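Text of upload_31.txt, listed as compact mmCIF, C-alpha atoms:
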# COMPACT_ATOMS: atom_id res chain seq x y z
CA PRO A 31 53.86 -1.98 -39.11
CA ALA A 32 57.17 -2.39 -37.28
CA HIS A 33 55.93 -0.63 -34.14
CA GLU A 34 52.71 -2.63 -34.17
CA THR A 35 54.56 -5.91 -34.61
CA TYR A 36 56.98 -5.05 -31.81
CA ALA A 37 54.05 -4.00 -29.59
CA LEU A 38 52.30 -7.30 -30.22
CA LEU A 39 55.43 -9.25 -29.31
CA GLU A 40 55.95 -7.23 -26.14
CA GLN A 41 52.30 -7.65 -25.20
CA ARG A 42 52.62 -11.42 -25.57
CA ARG A 43 55.69 -11.33 -23.34
CA GLY A 44 53.63 -9.49 -20.72
CA HIS A 45 55.38 -6.12 -21.16
CA ILE A 46 52.17 -4.12 -21.34
CA ASP A 47 53.63 -0.64 -20.87
CA ILE A 48 56.26 -1.17 -23.57
CA ALA A 49 53.57 -2.56 -25.88
CA ALA A 50 51.34 0.45 -25.23
CA LYS A 51 54.14 2.85 -26.21
CA HIS A 52 54.71 1.02 -29.47
CA TYR A 53 51.02 0.85 -30.32
CA LEU A 54 50.86 4.61 -29.84
CA ALA A 55 53.97 5.05 -31.99
CA SER A 56 52.30 2.93 -34.69
CA ILE A 57 49.15 5.04 -34.48
CA ASP A 58 51.18 8.26 -34.61
CA ALA A 59 53.06 7.01 -37.67
CA ASN A 60 49.89 5.87 -39.42
CA PRO A 61 46.66 7.15 -37.83
CA ASN A 62 44.59 5.22 -40.40
CA ARG A 63 45.96 1.80 -39.45
CA VAL A 64 42.88 0.02 -38.11
CA SER A 65 44.73 -2.95 -36.64
CA SER A 66 46.85 -0.68 -34.43
CA HIS A 67 43.74 1.00 -33.05
CA CYS A 68 42.06 -2.36 -32.39
CA ARG A 69 45.08 -4.01 -30.79
CA TYR A 70 45.79 -0.98 -28.66
CA ALA A 71 42.15 -0.96 -27.57
CA GLN A 72 42.40 -4.64 -26.59
CA LEU A 73 45.42 -3.81 -24.45
CA LEU A 74 43.57 -0.89 -22.87
CA ILE A 75 40.57 -3.11 -22.09
CA ARG A 76 42.91 -5.46 -20.22
CA LYS A 77 44.10 -2.43 -18.25
CA ASN A 78 40.46 -1.39 -17.59
CA ASP A 79 40.97 1.88 -19.48
CA PHE A 80 37.61 1.61 -21.17
CA ASP A 81 37.23 5.26 -22.20
CA THR A 82 40.45 5.35 -24.21
CA ALA A 83 39.74 1.88 -25.62
CA LYS A 84 36.29 3.05 -26.74
CA PHE A 85 37.85 6.04 -28.51
CA HIS A 86 40.22 3.80 -30.49
CA LEU A 87 37.53 1.27 -31.36
CA GLU A 88 35.23 4.00 -32.61
CA LYS A 89 38.12 5.34 -34.70
CA ALA A 90 38.66 1.85 -36.15
CA LEU A 91 34.94 1.63 -37.04
CA GLU A 92 35.10 5.02 -38.68
CA LEU A 93 38.12 3.95 -40.77
CA ARG A 94 36.88 0.48 -41.74
CA PRO A 95 33.19 -0.17 -41.16
CA ASP A 96 33.56 -3.45 -43.09
CA ASN A 97 35.98 -4.72 -40.40
CA ALA A 98 33.30 -4.20 -37.82
CA PRO A 99 32.59 -7.62 -36.23
CA ARG A 100 35.83 -7.76 -34.27
CA THR A 101 35.53 -4.11 -33.29
CA LEU A 102 31.87 -4.46 -32.35
CA PHE A 103 32.63 -7.42 -30.07
CA LEU A 104 35.29 -5.36 -28.27
CA LEU A 105 32.92 -2.41 -27.92
CA ALA A 106 30.25 -4.76 -26.57
CA HIS A 107 32.72 -5.86 -23.91
CA ILE A 108 33.23 -2.24 -22.86
CA TYR A 109 29.50 -1.60 -22.62
CA GLU A 110 29.01 -4.84 -20.71
CA ASN A 111 31.55 -3.61 -18.15
CA ARG A 112 29.59 -0.36 -17.91
CA GLU A 113 26.46 -2.45 -17.29
CA ALA A 114 24.85 -1.16 -20.47
CA TYR A 115 23.69 -4.67 -21.27
CA ASN A 116 21.02 -3.82 -23.83
CA TYR A 117 23.43 -1.78 -25.94
CA SER A 118 26.09 -4.46 -25.52
CA LEU A 119 23.63 -7.03 -26.89
CA GLU A 120 22.78 -4.76 -29.82
CA LEU A 121 26.47 -4.54 -30.71
CA ILE A 122 26.86 -8.31 -30.46
CA ASN A 123 23.80 -8.83 -32.68
CA SER A 124 25.22 -6.41 -35.26
CA ALA A 125 28.54 -8.23 -35.22
CA LEU A 126 26.84 -11.61 -35.65
CA VAL A 127 24.72 -10.34 -38.55
CA GLN A 128 27.87 -9.13 -40.30
CA LEU A 129 29.68 -12.40 -39.64
CA LEU A 130 26.75 -14.42 -40.99
CA SER A 131 26.61 -12.23 -44.06
CA ARG A 132 30.33 -12.79 -44.68
CA THR A 133 29.91 -16.52 -44.14
CA ASN A 134 27.01 -16.70 -46.59
CA ASN A 135 29.03 -14.75 -49.17
CA ASN A 136 32.01 -17.07 -48.65
CA ILE A 137 29.79 -20.14 -49.07
CA LYS A 138 28.24 -18.69 -52.24
CA ASN A 139 31.68 -17.84 -53.66
CA SER A 140 32.94 -21.30 -52.74
CA LYS A 141 29.99 -22.94 -54.52
CA ASP A 142 30.60 -20.74 -57.57
CA ASP A 143 34.29 -21.74 -57.53
CA ASN A 144 33.35 -25.43 -57.24
CA ILE A 145 30.94 -25.17 -60.17
CA THR A 146 33.64 -23.50 -62.28
CA THR A 147 36.17 -26.15 -61.25
CA GLN A 148 33.74 -28.96 -62.08
CA LYS A 149 33.16 -27.44 -65.53
CA ASP A 150 36.93 -27.13 -66.07
CA VAL A 151 37.48 -30.76 -65.00
CA SER A 152 34.67 -31.92 -67.26
CA GLN A 153 36.06 -29.99 -70.24
CA THR A 154 39.57 -31.28 -69.59
CA SER A 155 38.24 -34.83 -69.34
CA GLU A 156 36.39 -34.44 -72.65
CA ARG A 157 39.56 -33.09 -74.31
CA ASN A 158 41.60 -35.99 -72.92
CA ASP A 159 38.99 -38.48 -74.18
CA ALA A 160 39.10 -36.87 -77.62
CA LEU A 161 42.90 -37.01 -77.66
CA SER A 162 42.89 -40.64 -76.55
CA PHE A 163 40.37 -41.51 -79.24
CA THR A 164 42.44 -39.70 -81.87
CA SER A 165 45.62 -41.45 -80.69
CA SER A 166 43.89 -44.83 -80.72
CA GLU A 167 42.73 -44.25 -84.30
CA LYS A 168 46.29 -43.37 -85.35
CA VAL A 169 47.68 -46.48 -83.65
CA SER A 170 45.00 -48.66 -85.25
CA SER A 171 45.57 -47.23 -88.70
CA SER A 172 49.36 -47.56 -88.31
CA THR A 173 48.98 -51.16 -87.23
CA ALA A 174 46.62 -51.90 -90.09
CA ALA A 175 49.07 -50.41 -92.55
CA LEU A 176 51.76 -52.84 -91.38
For the structure just supplied, provide its representation as structure tokens.
Amino acid sequence: PAHETYALLEQRRGHIDIAAKHYLASIDANPNRVSSHCRYAQLLIRKNDFDTAKFHLEKALELRPDNAPRTLFLLAHIYENREAYNYSLELINSALVQLLSRTNNNIKNSKDDNITTQKDVSQTSERNDALSFTSSEKVSSSTAAL
């Protein structure tokens, strides 16, 4: 990750060639690191090196098909530049379908978490009410005994 982090910093500073060398070093050190392939591809797209960018994006898809939306959008950009508009649109549609699926899953999980939390709050409230009632009885009986 050190090479990738350094590459990202250099890229942000506008040192594209230095960034490219460090992305490649990151990929050489860990060829299965998807983020290095994607970030290097983004840099290559900015340099109009679409063939090499396409190679790295396809490698990223091969390694992590579940990380596809970001990768598919970048590939769509490449195909748009090649005037393969129909295929570019297909890639964008695929990316959107995956994003919507993730969003729906996140919403469902969030609702499930909220239901669990509401049950926990309700149970805690009932326990607190029971404790308060028990404490009140003790206070009343202690006062009555005096």
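Coordinates place CA of Ser131 in chain A at a distance of 10.9 Å from CA of Pro99 in chain A.
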Choose the residue, out of A:Ala32, A:Ile137, A:Ala114, A:Leu73, that has the smallest atom-to-atom separation from Ala55 in chain A; count all atoms listed in the file. A:Ala32
Kindly provide, as AutoDock Vina command-line options, the centre and edge lengths (Å, one decimal) of an axis-aligned box around all atoms of range 115-118 of chain A given in the file, with 6 Å on each side.
--center_x 23.6 --center_y -3.2 --center_z -23.6 --size_x 17.1 --size_y 14.9 --size_z 16.7
CA of Leu87 in chain A to CA of Arg43 in chain A: how many Å, to one decimal? 23.5 Å
Under the rule that only C-alpha atoms are counted, which of A:Cys68, A:Phe103, A:Leu130, A:Asn136 is the nearest residue to Thr82 in chain A?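 Closest to Thr82 in chain A of all the choices is A:Cys68.
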Between A:Arg112, A:Arg63, A:Arg100, A:Lys138, single out the one closest to Asn78 in chain A, counting all atoms listed in the file.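 For Asn78 in chain A, the nearest of the given residues is A:Arg112.
Among the candidates A:Ala37, A:Val127, A:Ile75, A:Val64, the residue lying nearest to Ala49 in chain A is A:Ala37 (atoms considered: only C-alpha atoms).
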Around (42.7, 4.8, -29.1) in the file's own coordinates, what residues are found within 12 Å if you use all atoms listed in the file, given back as an MDAnalysis selection string? chainID A and resid 50:51 53:58 61:75 79:91
Identify, on the basis of all atoms listed in the file, every residue whose closest approach to Ser118 in chain A does not exceed 10 Å; exclude the query and any residue fewer than 2 positions from it along the same chain; express the result as an NGL selection string. :A and (102-116 or 120-124)
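For the set A:Arg94, A:His45, A:Arg132, A:His33, the residue with the smallest atom-to-atom gap to Asn60 in chain A is A:His33, counting all atoms listed in the file.
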Between CA of Leu93 in chain A and CA of Ala125 in chain A, distance in Å (one decimal):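 Computing the Euclidean distance for CA of Leu93 in chain A and CA of Ala125 in chain A yields 16.5 Å.
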